[in-house]
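To start, the structure itself, in structure tokens.
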Amino acid sequence: MSTTTTERLDPTPPSAATPMLEVRDLVVRYGRGRKAAAAPAAVDRVSFSIAPGETVGLVGESGSGKSTIGKAILGLQKASGGSISFQGKDITAAGAAERRALGGELRAVFQDPNSSLNPRNTIGISLAEPLRLRRVSAAEARTKAEDMLERVGLPREAVDRYPSQFSGGQRQRISVARALICDPQLVVCDEAVSALDLSTQAQVLNLLADLRDERGLSYLFIAHDIAVVQFLAQRVVVLYRGQVMESGPAAAVTEDPKHPFTRALVAASPVPRPAEQAARREARESLGVRTGAAAVPAQGGCPFRLRCPLATDLCASDRPALRRVGSADVACHYA
Ligand SMILES: Nc1ncnc2c1ncn2[C@@H]1O[C@H](COP(=O)(O)OP(=O)(O)OP(=O)(O)O)[C@@H](O)[C@H]1O
Ligand code: SF4
Ligand SMILES: [Mg+2]
């Protein structure tokens, strides 16, 4: 296998024009004062970009900083360092007014549809809200809401019903409808299908894929399960303790992972077939990767070193930079 090195991570193909989204050296620290400065950053010098029409998957364990990155992009969490550009415009420190001027171009779908659907409002009111902010008339907003409901596979009459009258999967379809009603360019999906059973998950994933193809949407698709990410994403970024461990084409990262953590993540991903699941469990055990509970936070060096079966003294002293290995960028001294 040929191995070359590269200076910086860039999951956008070189042929792409201005990226839809560009995140450069993003740092996010929670809290204030000296204590916060001493704590490890929730997001630590993360860079990636998303081309128009492209889906980038962001994957990692619980607490790895996925939602924090999503929130920083959506303006819900302040960046402590680095930059975020949307369609070439720096939005790192954009205030509420500047964000509003983006219109519906940057939207989100979260794991819990209740966060975007007020239980006291009819579906019609919730869907019309982003349109009404753009001064669309009530009648036109209602028609658009009905059209959008139909597009996500629900009856037009659903506009007059309440969120509690729908199943979890239907509510998530309504959240997708609400996110897409203003024709956004980029949608951040944070664990958008994680609460759903496998067959409903597949339906919503197919819906997201169809809408992307119809409208040329870009997605930042965040999930802890790499198999779910693999379905939708062209490129995948793997996070561990706020740092990028590996990134590259989805097929390369998921089928031939180069970083020990990505390998463990792939082996830990649940599959519906028992025989394959048993083979994966065996593969996972043979990797010798320690579980999260056994690990103590590592300061300095490779963040994965306390769980890594390949760790050496170098891993304890030097943080590995991302370098090109095959078609992916990998942060490991020994990949
Ligand atoms: N509001 C907050 N205040 C302080 N620390 C926070 C806050 N939100 C998140 N964190 C911390 O930041 C780190 C990253 O959290 P984040 O929610 O981004 O992880 P995640 O990858 O989305 O995890 P999950 O898969 O569980 O959703 C965690 O250590 C978490 O405890
Ligand atoms: S740099 Fe060292 S500790 Fe980190 S993943 Fe590679 S081998 Fe393991
Ligand atoms: Mg999260």
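Starting from 1 in every chain, residues are counted up; chains themselves are A, B, ... following the order of the structure tokens, and ligands are numbered from 1 as listed.
Those protein and nucleic acid residues that have any atom within 10 Å of ligand 3 are, using only C-alpha atoms and all ligand atoms, A:Val59, A:Gly60, A:Glu61, A:Ser62, A:Gly63, A:Ser64, A:Gly65, A:Lys66, A:Ser67, A:Thr68, A:Ile69, A:Gly70, A:Lys71, A:Phe110, A:Gln111, A:Asp190, A:Glu191, A:Ile222, A:Ala223, A:His224.
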Excluding A:Glu246 and its own-chain neighbours fewer than 5 positions away, which residues fall within 6 Å of it when counting only C-alpha atoms? Please give them as a PyMOL selection string.
chain A and resi 238+329-330
Sorted per-residue table, chain A near ligand 2, closest atoms and distance, 10 Å, only C-alpha atoms and all ligand atoms, as a Markdown table:
```
| residue | atom | partner | partner_atom_place_in_ligand_line | distance |
| --- | --- | --- | --- | --- |
| A:Met245 | CA | ligand 2 | 5 (S) | 8.0 |
| A:Lys258 | CA | ligand 2 | 5 (S) | 9.4 |
| A:His259 | CA | ligand 2 | 5 (S) | 6.1 |
| A:Pro260 | CA | ligand 2 | 5 (S) | 5.4 |
| A:Phe261 | CA | ligand 2 | 5 (S) | 6.6 |
| A:Thr262 | CA | ligand 2 | 5 (S) | 9.3 |
| A:Val289 | CA | ligand 2 | 8 (Fe) | 9.5 |
| A:Gly301 | CA | ligand 2 | 1 (S) | 7.8 |
| A:Cys302 | CA | ligand 2 | 4 (Fe) | 4.6 |
| A:Pro303 | CA | ligand 2 | 4 (Fe) | 6.7 |
| A:Phe304 | CA | ligand 2 | 4 (Fe) | 5.1 |
| A:Arg305 | CA | ligand 2 | 3 (S) | 3.5 |
| A:Leu306 | CA | ligand 2 | 3 (S) | 7.1 |
| A:Arg307 | CA | ligand 2 | 3 (S) | 7.5 |
| A:Cys308 | CA | ligand 2 | 8 (Fe) | 4.6 |
| A:Pro309 | CA | ligand 2 | 8 (Fe) | 6.6 |
| A:Leu310 | CA | ligand 2 | 7 (S) | 4.5 |
| A:Ala311 | CA | ligand 2 | 3 (S) | 4.0 |
| A:Thr312 | CA | ligand 2 | 2 (Fe) | 6.1 |
| A:Asp313 | CA | ligand 2 | 2 (Fe) | 8.4 |
| A:Leu314 | CA | ligand 2 | 2 (Fe) | 7.2 |
| A:Cys315 | CA | ligand 2 | 2 (Fe) | 4.3 |
| A:Ala316 | CA | ligand 2 | 3 (S) | 7.3 |
| A:Ser317 | CA | ligand 2 | 1 (S) | 9.9 |
| A:Asp318 | CA | ligand 2 | 1 (S) | 8.2 |
| A:Arg319 | CA | ligand 2 | 1 (S) | 7.2 |
| A:Pro320 | CA | ligand 2 | 1 (S) | 5.7 |
| A:Ala321 | CA | ligand 2 | 1 (S) | 9.0 |
| A:Val330 | CA | ligand 2 | 6 (Fe) | 9.0 |
| A:Ala331 | CA | ligand 2 | 1 (S) | 6.7 |
| A:Cys332 | CA | ligand 2 | 6 (Fe) | 3.7 |
| A:His333 | CA | ligand 2 | 1 (S) | 4.4 |
| A:Tyr334 | CA | ligand 2 | 7 (S) | 5.3 |
| A:Ala335 | CA | ligand 2 | 6 (Fe) | 6.4 |
```
Between atom CA of A:Ala36 and atom 7 (C, counted along the ligand's line) of ligand 1, what is the spacing in Å?
11.6 Å
What parts of stretch 176-333 of chain A does DSSP call helix (DSSP H, G or I)? I'd like the answer as a PyMOL selection string.
chain A and resi 176-180+198-215+226-232+250-255+260-268+274-287+292-294+313-317
Suppose you want the space between atom CA of A:Ala250 and atom CA of A:Val236; what is it in Å?
5.2 Å
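For the residues A:Ala141, A:Leu208, A:Ala51, A:Leu232, ranking by smallest atom-to-atom distance to A:Leu127 using only C-alpha atoms places A:Ala141 first.
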